[in-house]
Amino acid sequence: MAVQLPHMFTERMKHLLGDQFESFMQSYEQSPHAGLRVNTLKISMEQFKEMAPFDLRPIPWCETGFYVPHGVKPGLHPYYHAGLYYIQEPSAMAPVEQLQVQPGDRVLDLCAAPGGKSTQIAAKLQGKGVLVTNDIHAERTKALAKNIELYGVRNAVVLNESPERIADAFPHYFNKVLIDAPCSGEGMFRKDEDMVKSWEHHSVEKCVLMQRDILETAARLLAPGGTIVYSTCTFAPEENEAMIAAFLKLNPDFSVVNIAETKGFAPGRPDWVREMLPTQASETAEVLDQTRGTARLWPHLLEGEGHYVAVLQHIAGHESDVKLSEHVNDKSAPLNESSEDRSFLRSASYPLTKADRKKERLLRVESREGSDRNTRSGHPSGKAGRKAKETGGRKSERGQGRATDSGNVDPLAVYSQFVKDNIDLPLHGETVCYGDRIYQSAVGASRLEGLKVVRPGWFVGTIKHARFVPSHPLACALRTSEARRSVNLSSADGEAVRYLKGETLNIEQERIVLHEGTLSKGYVLVCIDGYAAGWGKWLDGVLKNEYPAGWRWTSK
Ligand SMILES: C[S@@+](CC[C@H](N)C(=O)[O-])C[C@H]1O[C@@H](n2cnc3c(N)ncnc32)[C@H](O)[C@@H]1O
């Protein structure tokens with residue numbers, strides 16, 4: 001056996017699994033299954049299947065998920081750097097599928113780092129609605145923000161907060177909440193030996209306390225009639241069925257939605273709670289049986305690691321449900337992001353109370369004043385970004401958001417001009433300035449006041465020396481057709497890797513694809529086999545590399 005399992009763990013599993021124990025133990029002789037999930041924000045399933053560089057086999061419970069053959073390293077392909085897929089353990093794809101996310105939903109991923117499930121949610125939202133993604137550990141939110149950006153998510157807010165503080169800012173706001181809870185990690189022993197080492201330190205009891213608090217707070221965040229999906233990657237009944245039963249007992253306005261016993265999913269085990277935790281079982285007797293409708297994913301019954309998933313449905317208007325009415329102001333209405341409104345500083349389009357609106361107006365003014373101070377400008381620059389002539393060119397070219405007076409610049413005007421000159425897309429949400437950085441936010445600044453915000457929205461760029469410098473996340477989320485200048489590099493001939501390594505490339509003018517009325521000089525969206533990977537700046541046959549140093553291709 002490759003993994004040394006803790007004795008206490010195997011003894012418990014032997015007792016619980018009975019005649020299945022042997023095949024459970026045999027699963028530890030096999031290698032863990034590797035998977036990837038196609039990022040349908042950037043590429044359709046059909047297109048991906050056509051150009052997939054590896055042999056792929058579908059994962060039964062996730063229609064965008066595939067098993068990757070052993071030995072293949074999907075992280076070492078240019079498509080990974082173009083954000084075309086996320087590398088994810090197959091069982092970990094199950095919880096989001098059960099959340100049934102639809103475009104326009106307001107979704108909260110409470111325990112999100114490094115972002116596997118958040119990127120899956122974002123793909124399901126298709127840019128409509130909002131994703132608030134959070135992790136309590138600051139260090140882990142760095143990877144979370146990077147993944148959100150690499151995968152081209154436009155409608156996410158990244159927080160580094162406690163669930164309680166999020167609940168104060170967003171009471172009963174979300175119609176879908178995912179809790180991929182911190183847990184004792186027993187289901188990951190085969191995949192990650194470090195989990196075995198940390199098992200003793202992350203005692204089941206400690207995890208139970210955290211999970212209980214998180215679940216209880218999630219109920220305060222959920223809109224009437226909303227859904228919570230709770231998942232763990234552990235087998236311990238205390239963290240699974242017993243946790244759900246305790247929640248149902250305390251929250252009679254929730255019930256379990258049964259997960260179908262197909263695709264290798266096994267039912268929840270209320271009988272194990274009765275056997276191992278008799279006191280808890282008797283305290284929750286009237287609801288415990290519902291947990292049979294939750295799902296266990298076992299490494300000996302399907303091709304994946306160990307997981308547990310429960311779907312909890314709020315019953316709107318339930319007699320016990322007085323607490324909701326104090327807060328709710330039809331916040332279950334989804335964000336409508338379909339309008340082609342290009343105006344800047346537009347507030348997010350969810351219904352707000354009068355007080356909310358007043359607060360939001362004030363904050364927007366403040367945020368704008370703050371940014372004015374930080375960019376050392378207080379007045380609109382007038383006709384920033386006027387038409388310029390490209391040397392030697394015949395057509396006149398739009399400028400690049402360059403201000404006429406560097407000491408006297410309205411950052412939003414500079415940004416607005418850059419957008420007009422360089423990209424063709426409607427920008428949704430509220431434009432928010434944090435210092436010299438500009439974001440498009442799906443929730444607006446006022447909601448985020450006082451919270452530890454890692455990203456208030458889609459980071460689009462920075463004001464530097466009175467110019468707008470587009471960000472890497474802006475490029476990652478663009479489609480080729482949305483950039484007024486683009487160039488395509490092939491993954492097959494090494495040019496794409498040279499770009500990803502940060503090299504300057506010689507690119508003839510004919511290769512720059514231009515929208516009508518745009519000349520070749522300026523910011524160019526660099527694409528790999530047709531999919532955005534970053535920016536370059538083209539001038540006279542040379543493409544200056546704008547791929548960020550921290551993101552570069554480092555392997556040979
Ligand atoms: C199982 S991992 C999440 C994996 C993630 N959902 C994914 O798919 O990539 C659990 C996460 O919960 C975070 N966490 C622990 N306690 C938390 C709390 N009280 N509130 C929010 N996040 C918490 C941990 O930092 C950890 O990143």
# chains A, B, ... in the order shown; residues from 1 in each chain; ligands from 1
>>> residues_around(residues="stretch 38-41 of chain A", least_positions_apart="2", cutoff="7 Å", atoms="only C-alpha atoms", output="PyMOL selection string")
chain A and resi 36+43-45+64-65+83-86+123+126+151
>>> residues_around(residues="A:Glu216", least_positions_apart="2", cutoff="12 Å", atoms="only C-alpha atoms", output="PyMOL selection string")
chain A and resi 163-164+167+177+179+209-214+218-222+228+230+243-244+246-251+254
>>> write_last_selection(atoms="C-alpha atoms", output="tab-separated table (two decimals), in the first residue's frame")
chain	number	residue	atom	x	y	z
A	163	PRO	CA	-18.68	34.20	7.45
A	164	GLU	CA	-20.26	36.28	10.26
A	167	ALA	CA	-23.59	37.86	6.83
A	177	VAL	CA	-24.51	29.24	-1.01
A	179	ILE	CA	-19.93	25.54	1.94
A	209	LEU	CA	-17.10	23.26	15.76
A	210	MET	CA	-15.98	25.24	12.71
A	211	GLN	CA	-18.47	23.55	10.41
A	212	ARG	CA	-21.39	24.19	12.78
A	213	ASP	CA	-20.62	27.92	12.93
A	214	ILE	CA	-20.19	28.20	9.17
A	218	ALA	CA	-24.88	30.46	5.90
A	219	ALA	CA	-28.57	30.39	6.85
A	220	ARG	CA	-28.34	34.15	7.59
A	221	LEU	CA	-26.86	34.75	4.16
A	222	LEU	CA	-29.46	32.83	2.20
A	228	ILE	CA	-27.18	25.64	0.48
A	230	TYR	CA	-22.62	21.60	2.13
A	243	MET	CA	-23.78	17.93	11.14
A	244	ILE	CA	-26.70	18.13	8.69
A	246	ALA	CA	-28.12	19.18	13.85
A	247	PHE	CA	-28.63	21.98	11.32
A	248	LEU	CA	-32.08	20.70	10.31
A	249	LYS	CA	-33.11	20.43	13.93
A	250	LEU	CA	-32.14	24.06	14.57
A	251	ASN	CA	-33.56	25.28	11.26
A	254	PHE	CA	-34.85	23.78	5.71
>>> residues_near_ligand(ligand="ligand 1", cutoff="9 Å", atoms="only C-alpha atoms and all ligand atoms", output="compact mmCIF listing (two decimals) with N, CA and C atoms, in the first residue's frame")
# COMPACT_ATOMS: atom_id res chain seq x y z
N GLN A 88 -8.68 19.59 -11.57
CA GLN A 88 -9.48 19.37 -10.36
C GLN A 88 -9.70 17.88 -10.14
N ALA A 92 -14.34 16.22 -6.50
CA ALA A 92 -14.52 17.61 -6.06
C ALA A 92 -15.41 18.40 -7.02
N MET A 93 -15.71 17.81 -8.19
CA MET A 93 -16.60 18.50 -9.14
C MET A 93 -18.08 18.27 -8.79
N ASP A 109 -19.57 31.48 -2.36
CA ASP A 109 -18.72 30.33 -2.07
C ASP A 109 -17.93 30.72 -0.82
N LEU A 110 -18.34 30.18 0.33
CA LEU A 110 -17.84 30.69 1.62
C LEU A 110 -16.42 30.25 1.95
N CYS A 111 -16.06 29.03 1.57
CA CYS A 111 -14.73 28.47 1.92
C CYS A 111 -14.08 28.11 0.59
N ALA A 112 -13.54 29.06 -0.09
CA ALA A 112 -13.36 28.90 -1.54
C ALA A 112 -11.95 28.61 -2.02
N ALA A 113 -10.92 28.96 -1.25
CA ALA A 113 -9.56 28.85 -1.78
C ALA A 113 -9.14 27.38 -1.95
N PRO A 114 -8.44 27.03 -3.02
CA PRO A 114 -7.87 27.92 -4.05
C PRO A 114 -8.80 28.24 -5.22
N GLY A 115 -10.05 27.83 -5.16
CA GLY A 115 -10.98 28.32 -6.17
C GLY A 115 -11.50 27.31 -7.17
N GLY A 116 -11.25 26.01 -6.92
CA GLY A 116 -11.75 24.99 -7.86
C GLY A 116 -13.24 25.12 -8.07
N LYS A 117 -13.96 25.17 -6.97
CA LYS A 117 -15.42 25.20 -7.08
C LYS A 117 -15.91 26.58 -7.51
N SER A 118 -15.19 27.61 -7.12
CA SER A 118 -15.60 28.96 -7.57
C SER A 118 -15.49 29.11 -9.08
N THR A 119 -14.44 28.55 -9.67
CA THR A 119 -14.33 28.68 -11.13
C THR A 119 -15.43 27.85 -11.81
N GLN A 120 -15.82 26.77 -11.17
CA GLN A 120 -16.92 25.94 -11.71
C GLN A 120 -18.24 26.72 -11.63
N ASN A 134 -14.98 33.59 -1.06
CA ASN A 134 -14.34 34.01 0.19
C ASN A 134 -13.49 32.90 0.79
N ASP A 135 -12.43 33.32 1.45
CA ASP A 135 -11.72 32.37 2.30
C ASP A 135 -11.19 33.13 3.50
N ILE A 136 -11.22 32.49 4.65
CA ILE A 136 -10.82 33.17 5.90
C ILE A 136 -9.31 33.32 6.00
N HIS A 137 -8.55 32.52 5.25
CA HIS A 137 -7.09 32.59 5.34
C HIS A 137 -6.53 33.49 4.24
N ALA A 138 -5.92 34.59 4.69
CA ALA A 138 -5.46 35.62 3.75
C ALA A 138 -4.51 35.04 2.71
N GLU A 139 -3.57 34.22 3.16
CA GLU A 139 -2.56 33.69 2.25
C GLU A 139 -3.24 32.88 1.13
N ARG A 140 -4.27 32.14 1.48
CA ARG A 140 -4.93 31.28 0.50
C ARG A 140 -5.78 32.09 -0.49
N THR A 141 -6.15 33.31 -0.12
CA THR A 141 -6.95 34.10 -1.07
C THR A 141 -6.11 34.58 -2.26
N LEU A 144 -6.67 32.03 -4.76
CA LEU A 144 -8.08 32.15 -5.16
C LEU A 144 -8.26 33.28 -6.17
N ASN A 160 -11.79 38.17 2.02
CA ASN A 160 -10.99 37.44 3.01
C ASN A 160 -11.63 37.76 4.36
N GLU A 161 -12.73 37.08 4.63
CA GLU A 161 -13.55 37.46 5.77
C GLU A 161 -14.02 36.25 6.55
N SER A 162 -14.56 36.56 7.74
CA SER A 162 -15.26 35.51 8.48
C SER A 162 -16.68 35.46 7.94
N PRO A 163 -17.30 34.29 7.93
CA PRO A 163 -18.68 34.20 7.45
C PRO A 163 -19.61 35.18 8.19
N GLU A 164 -19.38 35.39 9.48
CA GLU A 164 -20.26 36.28 10.26
C GLU A 164 -20.26 37.69 9.69
N LEU A 178 -22.53 27.90 -1.28
CA LEU A 178 -21.73 26.68 -1.21
C LEU A 178 -20.83 26.75 0.03
N ILE A 179 -20.88 25.67 0.82
CA ILE A 179 -19.93 25.54 1.94
C ILE A 179 -19.11 24.29 1.67
N ASP A 180 -17.93 24.49 1.15
CA ASP A 180 -17.01 23.36 0.97
C ASP A 180 -16.13 23.39 2.22
N ALA A 181 -16.63 22.76 3.25
CA ALA A 181 -16.16 23.04 4.61
C ALA A 181 -14.73 22.56 4.87
N PRO A 182 -14.02 23.31 5.74
CA PRO A 182 -12.75 22.78 6.23
C PRO A 182 -13.08 21.51 7.01
N CYS A 183 -12.32 20.45 6.79
CA CYS A 183 -12.71 19.17 7.38
C CYS A 183 -11.47 18.35 7.70
N GLY A 185 -10.45 15.75 6.29
CA GLY A 185 -9.77 15.39 5.04
C GLY A 185 -9.52 13.92 4.80
N CYS A 207 -12.99 20.28 13.79
CA CYS A 207 -13.65 20.59 12.51
C CYS A 207 -15.15 20.76 12.71
N MET A 210 -16.07 24.26 13.81
CA MET A 210 -15.98 25.24 12.71
C MET A 210 -17.15 25.08 11.76
N GLN A 211 -17.42 23.83 11.40
CA GLN A 211 -18.47 23.55 10.41
C GLN A 211 -19.83 24.03 10.92
N ASP A 213 -20.53 26.45 13.01
CA ASP A 213 -20.62 27.92 12.93
C ASP A 213 -20.84 28.37 11.49
N ILE A 214 -20.11 27.76 10.58
CA ILE A 214 -20.19 28.20 9.17
C ILE A 214 -21.59 27.91 8.63
N SER A 231 -20.49 20.53 1.63
CA SER A 231 -19.68 19.38 1.24
C SER A 231 -18.43 19.27 2.11
N THR A 232 -17.95 18.04 2.23
CA THR A 232 -16.66 17.81 2.89
C THR A 232 -15.91 16.76 2.07
N CYS A 233 -14.63 16.62 2.37
CA CYS A 233 -13.89 15.52 1.76
C CYS A 233 -13.44 14.57 2.86
>>> atom_distance(atom1="atom CA of A:Ser255", atom2="atom CA of A:Thr291")
9.5 Å
>>> closest_residue(among="A:Lys146, A:Gln30, A:Val524, A:Pro224", to="A:Pro171", atoms="only C-alpha atoms")
A:Pro224
>>> select_by_dssp(residues="stretch 170-298 of chain A", states="helix (DSSP H, G or I)", output="MDAnalysis selection string")
chainID A and resid 186:188 193:199 204:221 237:239 241:250 270:276 278:283 285:293
>>> residues_around(residues="A:Gly264", least_positions_apart="4", cutoff="9 Å", atoms="only C-alpha atoms", output="compact mmCIF listing (two decimals) with N, CA and C atoms, in the first residue's frame")
# COMPACT_ATOMS: atom_id res chain seq x y z
N PRO A 60 -18.68 11.05 -15.07
CA PRO A 60 -20.14 10.90 -15.19
C PRO A 60 -20.97 11.99 -14.52
N LEU A 297 -19.47 9.87 -1.69
CA LEU A 297 -18.67 9.42 -2.84
C LEU A 297 -17.51 8.62 -2.27
N TRP A 298 -17.46 7.35 -2.65
CA TRP A 298 -16.45 6.44 -2.09
C TRP A 298 -15.42 6.05 -3.14
N LEU A 301 -16.17 2.84 -4.93
CA LEU A 301 -17.42 2.71 -5.69
C LEU A 301 -17.45 3.57 -6.94
N LEU A 302 -16.54 4.49 -7.05
CA LEU A 302 -16.46 5.32 -8.26
C LEU A 302 -15.01 5.74 -8.49
N GLU A 303 -14.78 6.36 -9.62
CA GLU A 303 -13.40 6.79 -9.94
C GLU A 303 -13.19 8.21 -9.43
>>> select_by_dssp(residues="stretch 24-227 of chain A", states="strand (DSSP E)", output="CSV table (one decimal) with C-alpha atoms, in the first residue's frame")
chain,number,residue,atom,x,y,z
A,34,ALA,CA,-6.7,13.1,-12.1
A,35,GLY,CA,-9.2,15.3,-13.8
A,36,LEU,CA,-9.7,18.6,-15.6
A,37,ARG,CA,-12.8,20.7,-16.0
A,38,VAL,CA,-13.3,22.7,-19.2
A,57,ARG,CA,-12.7,10.4,-20.7
A,58,PRO,CA,-15.9,12.0,-19.4
A,59,ILE,CA,-16.6,12.2,-15.6
A,62,CYS,CA,-19.9,16.6,-14.3
A,63,GLU,CA,-20.6,17.3,-17.9
A,64,THR,CA,-17.6,19.6,-18.3
A,65,GLY,CA,-15.3,17.3,-16.5
A,66,PHE,CA,-12.8,14.7,-17.9
A,67,TYR,CA,-10.4,12.2,-16.5
A,68,VAL,CA,-6.8,12.8,-17.6
A,85,TYR,CA,-9.4,24.3,-18.1
A,86,TYR,CA,-9.0,23.9,-14.4
A,87,ILE,CA,-7.2,20.9,-13.0
A,106,ARG,CA,-26.3,35.4,-6.7
A,107,VAL,CA,-23.9,32.8,-5.4
A,108,LEU,CA,-21.6,32.8,-2.4
A,109,ASP,CA,-18.7,30.3,-2.1
A,130,VAL,CA,-22.7,37.6,-9.1
A,131,LEU,CA,-20.2,35.3,-7.4
A,132,VAL,CA,-18.9,36.3,-4.0
A,133,THR,CA,-16.0,34.0,-3.2
A,134,ASN,CA,-14.3,34.0,0.2
A,156,ALA,CA,-16.7,37.9,-9.0
A,157,VAL,CA,-15.9,39.6,-5.7
A,158,VAL,CA,-13.1,38.0,-3.7
A,159,LEU,CA,-13.2,38.4,0.1
A,174,PHE,CA,-27.7,35.0,-1.9
A,175,ASN,CA,-30.0,32.4,-3.5
A,176,LYS,CA,-27.2,29.8,-3.7
A,177,VAL,CA,-24.5,29.2,-1.0
A,178,LEU,CA,-21.7,26.7,-1.2
A,179,ILE,CA,-19.9,25.5,1.9
A,180,ASP,CA,-17.0,23.4,1.0
A,222,LEU,CA,-29.5,32.8,2.2
A,223,ALA,CA,-32.5,34.4,0.5
A,224,PRO,CA,-35.9,32.9,1.0
A,225,GLY,CA,-36.3,29.7,-1.0
A,226,GLY,CA,-32.5,29.5,-1.6
A,227,THR,CA,-30.2,26.5,-1.6
>>> residues_around(residues="A:Leu5", least_positions_apart="4", cutoff="12 Å", atoms="only C-alpha atoms", output="MDAnalysis selection string")
chainID A and resid 1 9:13 25 28:29 186:190 192:200
>>> atom_distance(atom1="atom CA of A:Glu89", atom2="atom CA of A:Gly75")
13.5 Å
>>> closest_residue(among="A:Lys42, A:Arg484, A:Arg292, A:His33", to="A:Glu261", atoms="only C-alpha atoms")
A:Arg292
>>> closest_residue(among="A:Gln100, A:Gln313, A:Gln417, A:Asn258", to="A:Gly293", atoms="only C-alpha atoms")
A:Asn258
>>> atom_distance(atom1="atom CA of A:Thr217", atom2="atom CA of A:Ile166")
9.0 Å
>>> residues_around(residues="A:Val257", least_positions_apart="4", cutoff="9 Å", atoms="only C-alpha atoms", output="NGL selection string")
:A and (290 or 293-294 or 310-313)
>>> closest_residue(among="A:Val453, A:Thr262, A:Pro53, A:Ala245", to="A:Ala285", atoms="only C-alpha atoms")
A:Ala245
>>> residues_around(residues="A:Glu275", least_positions_apart="5", cutoff="10 Å", atoms="only C-alpha atoms", output="list of chain:residue names")
A:Leu16, A:Pro270, A:Ala281
>>> write_last_selection(atoms="C-alpha atoms", output="mmCIF file, in the first residue's frame")
data_model
loop_
_atom_site.group_PDB
_atom_site.id
_atom_site.type_symbol
_atom_site.label_atom_id
_atom_site.label_comp_id
_atom_site.auth_asym_id
_atom_site.auth_seq_id
_atom_site.Cartn_x
_atom_site.Cartn_y
_atom_site.Cartn_z
ATOM 1 C CA LEU A 16 -18.530 1.170 9.759
ATOM 2 C CA PRO A 270 -28.055 8.110 9.341
ATOM 3 C CA ALA A 281 -29.144 10.756 17.102
#
>>> closest_residue(among="A:Glu97, A:Asp410, A:Glu205, A:Glu508", to="A:Val229", atoms="only C-alpha atoms")
A:Glu97
